[in-house]
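Student: For reference, the structure I am asking about is given below.
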Amino acid sequence: MVSRIKKHRVPGKQKRVILPLHPLLSLCAARTQSSVSGDLLPRTSLSSPPWSEQTSFVSAEEERSRHAAVVSTVNDRIERQDFGRLFAVVHFAARQWKVTNEDLILVENHIEAECGDRIYLEKVLLVGAEDFTLVGRPLLGKELVRVKATVIEKTESCPKMHMVFWKRHRFQKKRTIVQPQTVLRINSIELHPRLS
Amino acid sequence: MTSRGTPSRFLKSVLQNGVGRYVCQLKRVSIMFSKKSPSALGVRDFIEEGVVDYAKKNPGTVVYVSPQLCNIPKVVAEYLNGNTKEELLTNKTSQQVLEVLTKLTDQSGQDIIRIRKPYHTDSPSIQGQWHPFTHRPPSVGLIRPQNQRVE
């Protein structure tokens, strides 16, 4: 029999998905178990890129000093605010959006804020400028990045038809679905000079 | 109808609303009702109680109240981009009339048709758009035609 991965819903505002404990034991990953220890997946023509991988051997100290140099350069840039336009990947309304200044976002639900209210989008996963990127694990701190947005419009969506039809059974249902929508304008993304 | 048969548009705001200050897009609201018809009871209650508060809460919108001999109470909303929207208020309570007016206030005057993409950017790429040669070092030196050795 086929075993299904069940989703467990916690009552309340949060919805959590309990994934199988060990990814190798799930149904679709049955092939990854191989008797010979080594690669997890079988090697195909697309397993690795067609160019050769250049690995230069660098000592651990050299690597650490290089990393420290990169971090100090990025810190200097952030202190001097020496970057142009910033973009950010923001988690909002169960979706991730890549967002810059002055761009629009349409969210398919009702938000508890009036038109014209300014909002902070707090779950920031990634911030990038032209020369550097800051990647959060999984989120970046609130003292580091601030994404401000304004609620512009709260409308309803266009009426969508939901129809069920079974042929030869004389069964059909039809109803109109109209969903609330909110339009946000991202006003600014600010990067503050406190990076640890 | 399917989305191919109905008109569609891209997500847009009227004159970059929100970049500077937010401007309410509702210009004028005209409420037409009759003094005696039973279907306009809720509208009459709303005009007794709630219209003044609504008008004070939205200082940028002009509210016209016109009692006429009409069977159907209506509200006509005009927006800054020139579009007009009409809603019927037959047999609605005072609270429902207020909800209809709030909904009209929160909308911008754009058409309610299918929106193709739920986002809009004017600067889609900051670090440079990817093409197949980004981050790819040249693997071979000079590319020569294979037949050179034969000659």
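Ordering of the structure tokens sets the chain letters (A, B, ...), residue numbers begin anew at 1 in every chain, and ligands are numbered from 1 in the order given.
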I need the contact residues of chain B against chain A, so if you could list those with any atom within 8 Å, counting only C-alpha atoms, and return them as a PyMOL selection string, that would help.
Tutor: chain B and resi 1+11-12+17-19+22-23+103+106-108+112-114+118-123+126-127+139
Student: Select from region 11-185 of chain A everything DSSP, run on the backbone, classes as alpha helix (DSSP H), then give the selection as a VMD selection string.
Tutor: chain A and resid 60 to 80
Student: Which polymer residues have any atom within 12 Å of an atom of Val75 (chain B), counting only C-alpha atoms, with same-chain residues fewer than 6 positions away left out, as a VMD selection string?
Tutor: chain B and resid 28 to 33 40 43 63 to 67 84 to 90 97 to 98 100 to 101 104
Student: Could you write out that same residue set with N, CA, C and O atoms as a compact mmCIF listing (two decimals), in the first residue's frame?
Tutor:
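What landed in part-v2.txt:
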# COMPACT_ATOMS: atom_id res chain seq x y z
N ARG B 28 -15.87 61.63 -5.25
CA ARG B 28 -17.24 62.10 -4.98
C ARG B 28 -18.14 60.91 -4.73
O ARG B 28 -18.00 59.87 -5.38
N VAL B 29 -19.03 61.06 -3.76
CA VAL B 29 -19.99 59.98 -3.46
C VAL B 29 -21.38 60.60 -3.48
O VAL B 29 -21.62 61.57 -2.78
N SER B 30 -22.26 60.08 -4.31
CA SER B 30 -23.64 60.62 -4.34
C SER B 30 -24.59 59.52 -3.92
O SER B 30 -24.64 58.47 -4.56
N ILE B 31 -25.34 59.77 -2.87
CA ILE B 31 -26.32 58.78 -2.37
C ILE B 31 -27.70 59.23 -2.81
O ILE B 31 -28.15 60.32 -2.46
N MET B 32 -28.37 58.39 -3.60
CA MET B 32 -29.72 58.70 -4.07
C MET B 32 -30.71 57.75 -3.43
O MET B 32 -30.52 56.54 -3.47
N PHE B 33 -31.74 58.30 -2.82
CA PHE B 33 -32.70 57.46 -2.11
C PHE B 33 -34.05 58.15 -2.16
O PHE B 33 -34.17 59.30 -2.58
N ALA B 40 -35.53 51.73 1.04
CA ALA B 40 -34.51 52.72 1.37
C ALA B 40 -34.46 53.01 2.85
O ALA B 40 -33.87 54.00 3.26
N VAL B 43 -30.92 53.10 4.21
CA VAL B 43 -30.19 54.28 3.73
C VAL B 43 -30.62 55.51 4.52
O VAL B 43 -29.79 56.35 4.90
N VAL B 63 -19.38 64.32 -0.26
CA VAL B 63 -20.56 63.46 -0.12
C VAL B 63 -21.80 64.26 -0.50
O VAL B 63 -22.05 65.32 0.07
N TYR B 64 -22.53 63.76 -1.50
CA TYR B 64 -23.79 64.40 -1.89
C TYR B 64 -24.94 63.48 -1.48
O TYR B 64 -24.90 62.28 -1.73
N VAL B 65 -25.95 64.06 -0.87
CA VAL B 65 -27.11 63.27 -0.46
C VAL B 65 -28.32 63.86 -1.17
O VAL B 65 -28.63 65.05 -0.99
N SER B 66 -28.98 63.08 -2.05
CA SER B 66 -30.08 63.66 -2.81
C SER B 66 -31.32 62.77 -2.70
O SER B 66 -31.36 61.68 -3.28
N PRO B 67 -32.33 63.21 -1.98
CA PRO B 67 -33.60 62.45 -1.95
C PRO B 67 -34.36 62.68 -3.25
O PRO B 67 -34.55 63.82 -3.68
N THR B 84 -16.34 55.54 -12.80
CA THR B 84 -17.54 55.65 -11.95
C THR B 84 -17.99 54.27 -11.55
O THR B 84 -17.87 53.33 -12.32
N LYS B 85 -18.48 54.15 -10.31
CA LYS B 85 -18.98 52.85 -9.87
C LYS B 85 -20.31 53.06 -9.18
O LYS B 85 -20.46 53.97 -8.36
N GLU B 86 -21.26 52.19 -9.50
CA GLU B 86 -22.59 52.30 -8.93
C GLU B 86 -22.88 51.08 -8.09
O GLU B 86 -22.63 49.97 -8.53
N GLU B 87 -23.39 51.28 -6.90
CA GLU B 87 -23.76 50.13 -6.07
C GLU B 87 -25.22 50.32 -5.65
O GLU B 87 -25.65 51.43 -5.35
N LEU B 88 -25.96 49.23 -5.59
CA LEU B 88 -27.36 49.29 -5.16
C LEU B 88 -27.44 49.06 -3.66
O LEU B 88 -26.73 48.22 -3.11
N LEU B 89 -28.32 49.82 -3.01
CA LEU B 89 -28.44 49.70 -1.56
C LEU B 89 -29.84 49.24 -1.16
O LEU B 89 -30.31 49.54 -0.07
N THR B 90 -30.49 48.46 -2.04
CA THR B 90 -31.86 48.01 -1.74
C THR B 90 -31.88 47.08 -0.56
O THR B 90 -31.09 46.15 -0.49
N VAL B 97 -24.80 49.55 4.71
CA VAL B 97 -24.53 50.71 3.85
C VAL B 97 -23.16 51.29 4.18
O VAL B 97 -22.39 51.68 3.29
N LEU B 98 -22.84 51.34 5.48
CA LEU B 98 -21.52 51.84 5.88
C LEU B 98 -20.42 50.96 5.34
O LEU B 98 -19.36 51.44 4.90
N VAL B 100 -20.52 49.16 2.61
CA VAL B 100 -20.39 49.40 1.16
C VAL B 100 -19.60 50.67 0.91
O VAL B 100 -18.70 50.71 0.05
N LEU B 101 -19.88 51.69 1.69
CA LEU B 101 -19.16 52.95 1.50
C LEU B 101 -17.68 52.80 1.84
O LEU B 101 -16.82 53.37 1.17
N LEU B 104 -15.97 51.12 -1.01
CA LEU B 104 -15.76 52.04 -2.13
C LEU B 104 -14.62 53.01 -1.83
O LEU B 104 -13.88 53.41 -2.73
Student: I want to know what sits within 9 Å of region 135-147 of chain A, based on only C-alpha atoms, with residues of the same chain fewer than 2 positions away left out; could you give that as a list in words?
Tutor: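 So the residues in contact are Ala88, Val90, Ile119, Tyr120, Leu121, Glu122, Lys123, Val124, Leu125, Leu126, Val127, Gly128, Thr133, Ala149, Ile186, Asn187, Ser188, Ile189, Glu190, Leu191, His192, Pro193, Arg194 and Leu195 of chain A.
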Student: Would you mind reading off the distance between CA of Asn81 (chain B) and CA of Arg116 (chain B), one decimal, in Å?
Tutor: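 These atoms are spaced 20.5 Å apart.
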Student: For a quick check of understanding, using only C-alpha atoms, which of B:Pro137, B:Pro145, B:Gly50, B:Gly42 has the smallest distance to Lys74 (chain B)?
Tutor: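 For Lys74 (chain B), the nearest of the given residues is B:Gly42.
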